[in-house]
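Chemist: My structure is stored as model-v3.txt, with compact mmCIF, N, CA and C atoms.
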# COMPACT_ATOMS: atom_id res chain seq x y z
N MET A 1 104.60 97.83 103.24
CA MET A 1 104.73 98.87 104.23
C MET A 1 103.35 99.45 104.51
N ARG A 2 103.02 99.54 105.69
CA ARG A 2 101.72 100.04 106.09
C ARG A 2 101.84 101.47 106.56
N ARG A 3 100.94 102.30 106.05
CA ARG A 3 100.92 103.69 106.50
C ARG A 3 99.75 103.88 107.45
N ALA A 4 99.97 104.59 108.41
CA ALA A 4 98.94 104.78 109.43
C ALA A 4 97.85 105.71 108.90
N GLY A 5 96.62 105.29 109.03
CA GLY A 5 95.50 106.15 108.71
C GLY A 5 95.07 106.13 107.27
N LEU A 6 95.73 105.41 106.40
CA LEU A 6 95.32 105.38 105.01
C LEU A 6 94.46 104.18 104.67
N GLY A 7 94.35 103.25 105.56
CA GLY A 7 93.46 102.13 105.34
C GLY A 7 94.05 101.05 104.46
N GLU A 8 95.33 101.02 104.29
CA GLU A 8 95.92 99.97 103.46
C GLU A 8 96.07 98.72 104.30
N GLY A 9 95.49 97.67 103.86
CA GLY A 9 95.62 96.39 104.54
C GLY A 9 94.77 96.28 105.77
N GLY A 10 94.07 97.27 106.13
CA GLY A 10 93.24 97.26 107.32
C GLY A 10 91.80 96.98 106.96
N PRO A 11 90.95 96.99 107.91
CA PRO A 11 89.52 96.79 107.65
C PRO A 11 88.93 97.98 106.87
N PRO A 12 87.79 97.75 106.19
CA PRO A 12 87.18 98.79 105.38
C PRO A 12 86.79 100.04 106.18
N ASP A 13 86.54 99.91 107.46
CA ASP A 13 86.16 101.06 108.27
C ASP A 13 87.30 102.08 108.35
N ASN A 14 88.51 101.59 108.28
CA ASN A 14 89.67 102.48 108.33
C ASN A 14 89.70 103.41 107.11
N TYR A 15 89.20 102.96 105.98
CA TYR A 15 89.22 103.76 104.74
C TYR A 15 88.37 105.01 104.90
N VAL A 16 87.17 104.85 105.51
CA VAL A 16 86.28 105.97 105.70
C VAL A 16 86.85 106.91 106.76
N ALA A 17 87.43 106.37 107.76
CA ALA A 17 87.96 107.17 108.85
C ALA A 17 89.26 107.86 108.47
N SER A 18 89.88 107.45 107.38
CA SER A 18 91.20 107.98 107.04
C SER A 18 91.17 109.43 106.62
N GLY A 19 90.05 109.97 106.19
CA GLY A 19 89.99 111.33 105.72
C GLY A 19 90.06 111.41 104.20
N TYR A 20 90.32 110.31 103.55
CA TYR A 20 90.38 110.32 102.08
C TYR A 20 89.03 110.66 101.50
N SER A 21 87.96 110.14 102.07
CA SER A 21 86.63 110.44 101.54
C SER A 21 86.27 111.91 101.77
N VAL A 22 86.77 112.51 102.82
CA VAL A 22 86.51 113.92 103.08
C VAL A 22 87.15 114.75 101.97
N TYR A 23 88.39 114.40 101.61
CA TYR A 23 89.05 115.11 100.51
C TYR A 23 88.34 114.88 99.18
N GLU A 24 87.86 113.66 99.01
CA GLU A 24 87.15 113.34 97.78
C GLU A 24 85.84 114.11 97.69
N GLU A 25 85.13 114.23 98.79
CA GLU A 25 83.89 115.00 98.81
C GLU A 25 84.16 116.48 98.57
N GLU A 26 85.22 116.98 99.19
CA GLU A 26 85.58 118.38 98.97
C GLU A 26 85.97 118.61 97.51
N ASN A 27 86.69 117.67 96.94
CA ASN A 27 87.09 117.76 95.54
C ASN A 27 85.86 117.75 94.63
N GLU A 28 84.90 116.90 94.90
CA GLU A 28 83.67 116.86 94.11
C GLU A 28 82.88 118.16 94.26
N HIS A 29 82.87 118.71 95.47
CA HIS A 29 82.18 119.98 95.69
C HIS A 29 82.85 121.10 94.90
N LEU A 30 84.15 121.16 94.94
CA LEU A 30 84.88 122.18 94.16
C LEU A 30 84.71 121.96 92.67
N GLN A 31 84.63 120.69 92.29
CA GLN A 31 84.42 120.36 90.87
C GLN A 31 83.07 120.86 90.40
N GLU A 32 82.05 120.70 91.21
CA GLU A 32 80.72 121.20 90.87
C GLU A 32 80.73 122.73 90.76
N GLY A 33 81.40 123.39 91.68
CA GLY A 33 81.50 124.85 91.61
C GLY A 33 82.19 125.30 90.34
N LEU A 34 83.27 124.61 89.98
CA LEU A 34 83.99 124.93 88.76
C LEU A 34 83.12 124.67 87.53
N ARG A 35 82.37 123.58 87.56
CA ARG A 35 81.49 123.26 86.44
C ARG A 35 80.42 124.35 86.26
N ALA A 36 79.89 124.85 87.37
CA ALA A 36 78.89 125.91 87.30
C ALA A 36 79.50 127.19 86.73
N LYS A 37 80.72 127.51 87.15
CA LYS A 37 81.38 128.72 86.63
C LYS A 37 81.68 128.59 85.14
N VAL A 38 82.12 127.40 84.72
CA VAL A 38 82.39 127.18 83.29
C VAL A 38 81.10 127.30 82.49
N HIS A 39 80.01 126.78 83.04
CA HIS A 39 78.71 126.87 82.38
C HIS A 39 78.28 128.34 82.23
N ALA A 40 78.46 129.12 83.30
CA ALA A 40 78.11 130.54 83.25
C ALA A 40 78.98 131.28 82.23
N LEU A 41 80.28 130.97 82.22
CA LEU A 41 81.18 131.61 81.25
C LEU A 41 80.82 131.24 79.82
N LYS A 42 80.38 129.99 79.63
CA LYS A 42 79.98 129.55 78.29
C LYS A 42 78.78 130.37 77.80
N HIS A 43 77.78 130.53 78.66
CA HIS A 43 76.60 131.30 78.27
C HIS A 43 76.94 132.77 78.08
N LEU A 44 77.83 133.29 78.90
CA LEU A 44 78.24 134.68 78.75
C LEU A 44 78.96 134.90 77.43
N SER A 45 79.84 133.96 77.07
CA SER A 45 80.56 134.11 75.79
C SER A 45 79.61 133.96 74.60
N ILE A 46 78.61 133.11 74.71
CA ILE A 46 77.62 132.98 73.64
C ILE A 46 76.82 134.27 73.50
N ASP A 47 76.43 134.86 74.65
CA ASP A 47 75.69 136.13 74.61
C ASP A 47 76.55 137.24 74.02
N ILE A 48 77.84 137.26 74.36
CA ILE A 48 78.73 138.26 73.79
C ILE A 48 78.83 138.07 72.29
N GLY A 49 78.94 136.82 71.83
CA GLY A 49 79.00 136.54 70.40
C GLY A 49 77.75 137.01 69.68
N ASN A 50 76.58 136.77 70.27
CA ASN A 50 75.33 137.22 69.66
C ASN A 50 75.28 138.74 69.60
N GLU A 51 75.73 139.40 70.66
CA GLU A 51 75.73 140.86 70.67
C GLU A 51 76.69 141.41 69.61
N VAL A 52 77.84 140.77 69.46
CA VAL A 52 78.80 141.22 68.44
C VAL A 52 78.20 141.07 67.04
N LYS A 53 77.51 139.96 66.79
CA LYS A 53 76.87 139.77 65.49
C LYS A 53 75.81 140.84 65.24
N TYR A 54 75.02 141.15 66.25
CA TYR A 54 73.98 142.17 66.12
C TYR A 54 74.60 143.54 65.86
N GLN A 55 75.65 143.87 66.62
CA GLN A 55 76.32 145.16 66.44
C GLN A 55 76.94 145.26 65.05
N ASN A 56 77.52 144.15 64.58
CA ASN A 56 78.14 144.14 63.25
C ASN A 56 77.08 144.37 62.17
N LYS A 57 75.91 143.77 62.36
CA LYS A 57 74.81 143.96 61.41
C LYS A 57 74.37 145.42 61.41
N MET A 58 74.25 146.02 62.60
CA MET A 58 73.85 147.43 62.69
C MET A 58 74.90 148.33 62.03
N LEU A 59 76.18 148.02 62.24
CA LEU A 59 77.22 148.83 61.61
C LEU A 59 77.16 148.73 60.09
N GLY A 60 76.85 147.54 59.58
CA GLY A 60 76.71 147.38 58.13
C GLY A 60 75.56 148.22 57.59
N GLU A 61 74.44 148.22 58.32
CA GLU A 61 73.30 149.03 57.90
C GLU A 61 73.63 150.52 57.96
N MET A 62 74.35 150.93 59.02
CA MET A 62 74.73 152.34 59.12
C MET A 62 75.67 152.73 58.00
N ASP A 63 76.56 151.81 57.61
CA ASP A 63 77.49 152.09 56.53
C ASP A 63 76.73 152.34 55.23
N SER A 64 75.74 151.49 54.95
CA SER A 64 74.97 151.69 53.72
C SER A 64 74.14 152.98 53.79
N ASP A 65 73.62 153.31 55.00
CA ASP A 65 72.87 154.57 55.15
C ASP A 65 73.78 155.77 54.93
N PHE A 66 74.98 155.71 55.47
CA PHE A 66 75.92 156.82 55.27
C PHE A 66 76.34 156.93 53.82
N ASP A 67 76.48 155.81 53.15
CA ASP A 67 76.82 155.86 51.72
C ASP A 67 75.71 156.54 50.92
N SER A 68 74.47 156.18 51.21
CA SER A 68 73.36 156.80 50.47
C SER A 68 73.25 158.28 50.82
N THR A 69 73.50 158.63 52.08
CA THR A 69 73.47 160.04 52.47
C THR A 69 74.59 160.81 51.79
N GLY A 70 75.76 160.17 51.69
CA GLY A 70 76.88 160.81 50.98
C GLY A 70 76.54 161.05 49.52
N GLY A 71 75.87 160.11 48.89
CA GLY A 71 75.44 160.30 47.51
C GLY A 71 74.45 161.43 47.38
N LEU A 72 73.52 161.51 48.31
CA LEU A 72 72.53 162.59 48.29
C LEU A 72 73.20 163.95 48.48
N LEU A 73 74.14 164.02 49.42
CA LEU A 73 74.85 165.28 49.64
C LEU A 73 75.69 165.65 48.43
N GLY A 74 76.28 164.65 47.80
CA GLY A 74 77.07 164.93 46.59
C GLY A 74 76.19 165.51 45.49
N ALA A 75 74.99 164.95 45.32
CA ALA A 75 74.07 165.48 44.31
C ALA A 75 73.63 166.90 44.66
N THR A 76 73.40 167.16 45.94
CA THR A 76 72.99 168.50 46.36
C THR A 76 74.11 169.51 46.11
N ILE A 77 75.34 169.12 46.43
CA ILE A 77 76.48 170.01 46.18
C ILE A 77 76.61 170.29 44.68
N GLY A 78 76.38 169.27 43.87
CA GLY A 78 76.42 169.46 42.41
C GLY A 78 75.39 170.46 41.95
N ARG A 79 74.18 170.38 42.53
CA ARG A 79 73.13 171.34 42.16
C ARG A 79 73.50 172.76 42.61
N LEU A 80 74.10 172.86 43.80
CA LEU A 80 74.51 174.18 44.27
C LEU A 80 75.60 174.77 43.38
N LYS A 81 76.51 173.93 42.93
CA LYS A 81 77.54 174.41 42.02
C LYS A 81 76.92 174.88 40.71
N LEU A 82 75.95 174.12 40.20
CA LEU A 82 75.26 174.51 38.98
C LEU A 82 74.53 175.83 39.18
N LEU A 83 73.89 175.99 40.34
CA LEU A 83 73.19 177.22 40.64
C LEU A 83 74.16 178.39 40.74
N SER A 84 75.30 178.16 41.33
CA SER A 84 76.26 179.25 41.49
C SER A 84 76.90 179.63 40.16
N ARG A 85 76.93 178.73 39.20
CA ARG A 85 77.48 179.05 37.88
C ARG A 85 76.51 179.88 37.04
N GLY A 86 75.27 179.87 37.42
CA GLY A 86 74.25 180.61 36.67
C GLY A 86 74.43 182.10 36.88
N SER A 87 73.47 182.84 36.43
CA SER A 87 73.59 184.29 36.52
C SER A 87 73.55 184.70 37.99
N GLN A 88 74.42 185.58 38.39
CA GLN A 88 74.49 186.06 39.77
C GLN A 88 73.29 186.93 40.12
N THR A 89 72.71 187.54 39.14
CA THR A 89 71.57 188.40 39.39
C THR A 89 70.38 187.59 39.91
N LYS A 90 70.16 186.40 39.34
CA LYS A 90 69.06 185.55 39.79
C LYS A 90 69.28 185.12 41.24
N VAL A 91 70.49 184.75 41.57
CA VAL A 91 70.79 184.29 42.93
C VAL A 91 70.54 185.42 43.92
N TYR A 92 71.02 186.62 43.60
CA TYR A 92 70.82 187.76 44.49
C TYR A 92 69.34 188.09 44.62
N CYS A 93 68.61 187.97 43.56
CA CYS A 93 67.18 188.24 43.58
C CYS A 93 66.45 187.23 44.48
N TYR A 94 66.81 185.95 44.36
CA TYR A 94 66.20 184.91 45.20
C TYR A 94 66.56 185.13 46.66
N MET A 95 67.80 185.50 46.94
CA MET A 95 68.21 185.74 48.33
C MET A 95 67.47 186.95 48.90
N LEU A 96 67.29 187.99 48.11
CA LEU A 96 66.58 189.18 48.55
C LEU A 96 65.12 188.84 48.83
N LEU A 97 64.49 188.09 47.95
CA LEU A 97 63.09 187.70 48.16
C LEU A 97 62.95 186.82 49.41
N PHE A 98 63.88 185.93 49.62
CA PHE A 98 63.84 185.07 50.80
C PHE A 98 64.01 185.90 52.06
N ALA A 99 64.96 186.83 52.07
CA ALA A 99 65.18 187.67 53.24
C ALA A 99 63.94 188.52 53.52
N LEU A 100 63.34 189.05 52.48
CA LEU A 100 62.12 189.85 52.63
C LEU A 100 60.99 189.01 53.22
N PHE A 101 60.86 187.81 52.74
CA PHE A 101 59.83 186.90 53.27
C PHE A 101 60.07 186.62 54.75
N VAL A 102 61.31 186.37 55.13
CA VAL A 102 61.63 186.09 56.54
C VAL A 102 61.30 187.31 57.39
N PHE A 103 61.66 188.50 56.95
CA PHE A 103 61.36 189.70 57.72
C PHE A 103 59.87 189.93 57.86
N ILE A 104 59.11 189.66 56.82
CA ILE A 104 57.65 189.82 56.89
C ILE A 104 57.06 188.84 57.89
N VAL A 105 57.53 187.61 57.87
CA VAL A 105 57.02 186.60 58.81
C VAL A 105 57.38 186.99 60.24
N LEU A 106 58.60 187.43 60.47
CA LEU A 106 59.00 187.85 61.81
C LEU A 106 58.18 189.06 62.28
N TYR A 107 57.96 190.02 61.42
CA TYR A 107 57.14 191.19 61.76
C TYR A 107 55.73 190.76 62.14
N TRP A 108 55.18 189.85 61.35
CA TRP A 108 53.83 189.36 61.60
C TRP A 108 53.76 188.64 62.95
N VAL A 109 54.78 187.79 63.27
CA VAL A 109 54.80 187.06 64.54
C VAL A 109 54.93 188.03 65.71
N ILE A 110 55.80 189.04 65.58
CA ILE A 110 55.98 190.01 66.65
C ILE A 110 54.74 190.88 66.83
N LYS A 111 54.11 191.26 65.74
CA LYS A 111 52.91 192.11 65.79
C LYS A 111 51.76 191.41 66.50
N LEU A 112 51.63 190.09 66.35
CA LEU A 112 50.51 189.35 66.94
C LEU A 112 50.69 189.10 68.44
N ARG A 113 51.82 189.31 68.97
CA ARG A 113 52.02 189.09 70.41
C ARG A 113 51.32 190.06 71.25
Write out the structure in this file as structure tokens.
Modeler:
Amino acid sequence: MRRAGLGEGGPPDNYVASGYSVYEEENEHLQEGLRAKVHALKHLSIDIGNEVKYQNKMLGEMDSDFDSTGGLLGATIGRLKLLSRGSQTKVYCYMLLFALFVFIVLYWVIKLR
């Protein structure tokens, strides 16, 4: 059975004129476009993976920094508790001397203006 325009059984010129090559060229063009998009997506996903690894490394470093800061704060709180258990007279004396020092510095700064 012969179909009109498909080039079956006819001369080779009919094959080119049939429009099959036009569809094939369009298909190849679309294939190239798809290949370019897949290539771009591949590079984008690789870049995202690299960024995730970098961010994960930074989070690990921040975690260790926070742990060391927590230890430092814990030691400071321990010292404050030890200080507060001591004689209350010493603490009040230190606070009074500190307040006096602050007032003297403020007076000096205001006087020089």
Chemist: Calculate how many Å separate atom CA of A:Tyr94 from atom CA of A:Ala75, rounding to one decimal.
Modeler: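 Answer for the atom CA of A:Tyr94 to atom CA of A:Ala75 separation: 21.0 Å.
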Chemist: So how many Å separate atom CA of A:Ser68 and atom CA of A:Asn56, to one decimal?
Modeler: 18.6 Å
Chemist: Just to confirm, what's the straight-line distance from atom CA of A:Phe103 to atom N of A:Val91 in Å (one decimal)?
Modeler: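 Those two atoms sit 19.2 Å apart.
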Chemist: Output stretch 73-84 of chain A as a PDB file, keeping the file's coordinate frame, making sure all heavy atoms are there.
Modeler:
ATOM      1  N   LEU A  73      74.140 164.020  49.420  1.00  0.00           N
ATOM      2  CA  LEU A  73      74.850 165.280  49.640  1.00  0.00           C
ATOM      3  C   LEU A  73      75.690 165.650  48.430  1.00  0.00           C
ATOM      4  O   LEU A  73      75.782 166.830  48.078  1.00  0.00           O
ATOM      5  CB  LEU A  73      75.731 165.176  50.884  1.00  0.00           C
ATOM      6  CG  LEU A  73      75.009 165.264  52.220  1.00  0.00           C
ATOM      7  CD1 LEU A  73      75.991 165.029  53.354  1.00  0.00           C
ATOM      8  CD2 LEU A  73      74.336 166.598  52.388  1.00  0.00           C
ATOM      9  N   GLY A  74      76.280 164.650  47.800  1.00  0.00           N
ATOM     10  CA  GLY A  74      77.070 164.930  46.590  1.00  0.00           C
ATOM     11  C   GLY A  74      76.190 165.510  45.490  1.00  0.00           C
ATOM     12  O   GLY A  74      76.593 166.461  44.795  1.00  0.00           O
ATOM     13  N   ALA A  75      74.990 164.950  45.320  1.00  0.00           N
ATOM     14  CA  ALA A  75      74.070 165.480  44.310  1.00  0.00           C
ATOM     15  C   ALA A  75      73.630 166.900  44.660  1.00  0.00           C
ATOM     16  O   ALA A  75      73.523 167.761  43.780  1.00  0.00           O
ATOM     17  CB  ALA A  75      72.851 164.560  44.188  1.00  0.00           C
ATOM     18  N   THR A  76      73.400 167.160  45.940  1.00  0.00           N
ATOM     19  CA  THR A  76      72.990 168.500  46.360  1.00  0.00           C
ATOM     20  C   THR A  76      74.110 169.510  46.110  1.00  0.00           C
ATOM     21  O   THR A  76      73.852 170.626  45.639  1.00  0.00           O
ATOM     22  CB  THR A  76      72.611 168.491  47.852  1.00  0.00           C
ATOM     23  OG1 THR A  76      71.578 167.523  48.049  1.00  0.00           O
ATOM     24  CG2 THR A  76      72.120 169.850  48.308  1.00  0.00           C
ATOM     25  N   ILE A  77      75.340 169.120  46.430  1.00  0.00           N
ATOM     26  CA  ILE A  77      76.480 170.010  46.180  1.00  0.00           C
ATOM     27  C   ILE A  77      76.610 170.290  44.680  1.00  0.00           C
ATOM     28  O   ILE A  77      76.900 171.419  44.261  1.00  0.00           O
ATOM     29  CB  ILE A  77      77.778 169.396  46.744  1.00  0.00           C
ATOM     30  CG1 ILE A  77      77.721 169.316  48.266  1.00  0.00           C
ATOM     31  CG2 ILE A  77      79.006 170.183  46.309  1.00  0.00           C
ATOM     32  CD1 ILE A  77      77.678 170.650  48.956  1.00  0.00           C
ATOM     33  N   GLY A  78      76.380 169.270  43.870  1.00  0.00           N
ATOM     34  CA  GLY A  78      76.420 169.460  42.410  1.00  0.00           C
ATOM     35  C   GLY A  78      75.390 170.460  41.950  1.00  0.00           C
ATOM     36  O   GLY A  78      75.663 171.310  41.101  1.00  0.00           O
ATOM     37  N   ARG A  79      74.180 170.380  42.530  1.00  0.00           N
ATOM     38  CA  ARG A  79      73.130 171.340  42.160  1.00  0.00           C
ATOM     39  C   ARG A  79      73.500 172.760  42.610  1.00  0.00           C
ATOM     40  O   ARG A  79      73.236 173.732  41.890  1.00  0.00           O
ATOM     41  CB  ARG A  79      71.812 170.919  42.780  1.00  0.00           C
ATOM     42  CG  ARG A  79      71.194 169.704  42.119  1.00  0.00           C
ATOM     43  CD  ARG A  79      69.783 169.447  42.637  1.00  0.00           C
ATOM     44  NE  ARG A  79      69.422 168.066  42.357  1.00  0.00           N
ATOM     45  CZ  ARG A  79      68.993 167.197  43.253  1.00  0.00           C
ATOM     46  NH1 ARG A  79      68.880 167.552  44.514  1.00  0.00           N
ATOM     47  NH2 ARG A  79      68.693 165.969  42.920  1.00  0.00           N
ATOM     48  N   LEU A  80      74.100 172.860  43.800  1.00  0.00           N
ATOM     49  CA  LEU A  80      74.510 174.180  44.270  1.00  0.00           C
ATOM     50  C   LEU A  80      75.600 174.770  43.380  1.00  0.00           C
ATOM     51  O   LEU A  80      75.601 175.979  43.110  1.00  0.00           O
ATOM     52  CB  LEU A  80      75.002 174.103  45.717  1.00  0.00           C
ATOM     53  CG  LEU A  80      73.921 173.999  46.781  1.00  0.00           C
ATOM     54  CD1 LEU A  80      74.535 173.798  48.150  1.00  0.00           C
ATOM     55  CD2 LEU A  80      73.055 175.240  46.772  1.00  0.00           C
ATOM     56  N   LYS A  81      76.510 173.930  42.930  1.00  0.00           N
ATOM     57  CA  LYS A  81      77.540 174.410  42.020  1.00  0.00           C
ATOM     58  C   LYS A  81      76.920 174.880  40.710  1.00  0.00           C
ATOM     59  O   LYS A  81      77.317 175.901  40.151  1.00  0.00           O
ATOM     60  CB  LYS A  81      78.575 173.319  41.751  1.00  0.00           C
ATOM     61  CG  LYS A  81      79.525 173.096  42.896  1.00  0.00           C
ATOM     62  CD  LYS A  81      80.549 172.030  42.550  1.00  0.00           C
ATOM     63  CE  LYS A  81      81.470 171.783  43.719  1.00  0.00           C
ATOM     64  NZ  LYS A  81      82.447 170.725  43.412  1.00  0.00           N
ATOM     65  N   LEU A  82      75.950 174.120  40.200  1.00  0.00           N
ATOM     66  CA  LEU A  82      75.260 174.510  38.980  1.00  0.00           C
ATOM     67  C   LEU A  82      74.530 175.830  39.180  1.00  0.00           C
ATOM     68  O   LEU A  82      74.558 176.704  38.303  1.00  0.00           O
ATOM     69  CB  LEU A  82      74.284 173.403  38.564  1.00  0.00           C
ATOM     70  CG  LEU A  82      73.500 173.618  37.282  1.00  0.00           C
ATOM     71  CD1 LEU A  82      74.465 173.631  36.093  1.00  0.00           C
ATOM     72  CD2 LEU A  82      72.454 172.536  37.112  1.00  0.00           C
ATOM     73  N   LEU A  83      73.890 175.990  40.340  1.00  0.00           N
ATOM     74  CA  LEU A  83      73.190 177.220  40.640  1.00  0.00           C
ATOM     75  C   LEU A  83      74.160 178.390  40.740  1.00  0.00           C
ATOM     76  O   LEU A  83      73.871 179.492  40.257  1.00  0.00           O
ATOM     77  CB  LEU A  83      72.391 177.072  41.938  1.00  0.00           C
ATOM     78  CG  LEU A  83      71.558 178.254  42.389  1.00  0.00           C
ATOM     79  CD1 LEU A  83      70.456 178.536  41.376  1.00  0.00           C
ATOM     80  CD2 LEU A  83      70.969 177.997  43.747  1.00  0.00           C
ATOM     81  N   SER A  84      75.300 178.160  41.330  1.00  0.00           N
ATOM     82  CA  SER A  84      76.260 179.250  41.490  1.00  0.00           C
ATOM     83  C   SER A  84      76.900 179.630  40.160  1.00  0.00           C
ATOM     84  O   SER A  84      77.358 180.763  39.997  1.00  0.00           O
ATOM     85  CB  SER A  84      77.343 178.864  42.499  1.00  0.00           C
ATOM     86  OG  SER A  84      78.166 177.849  41.975  1.00  0.00           O
TER      87      SER A  84
END
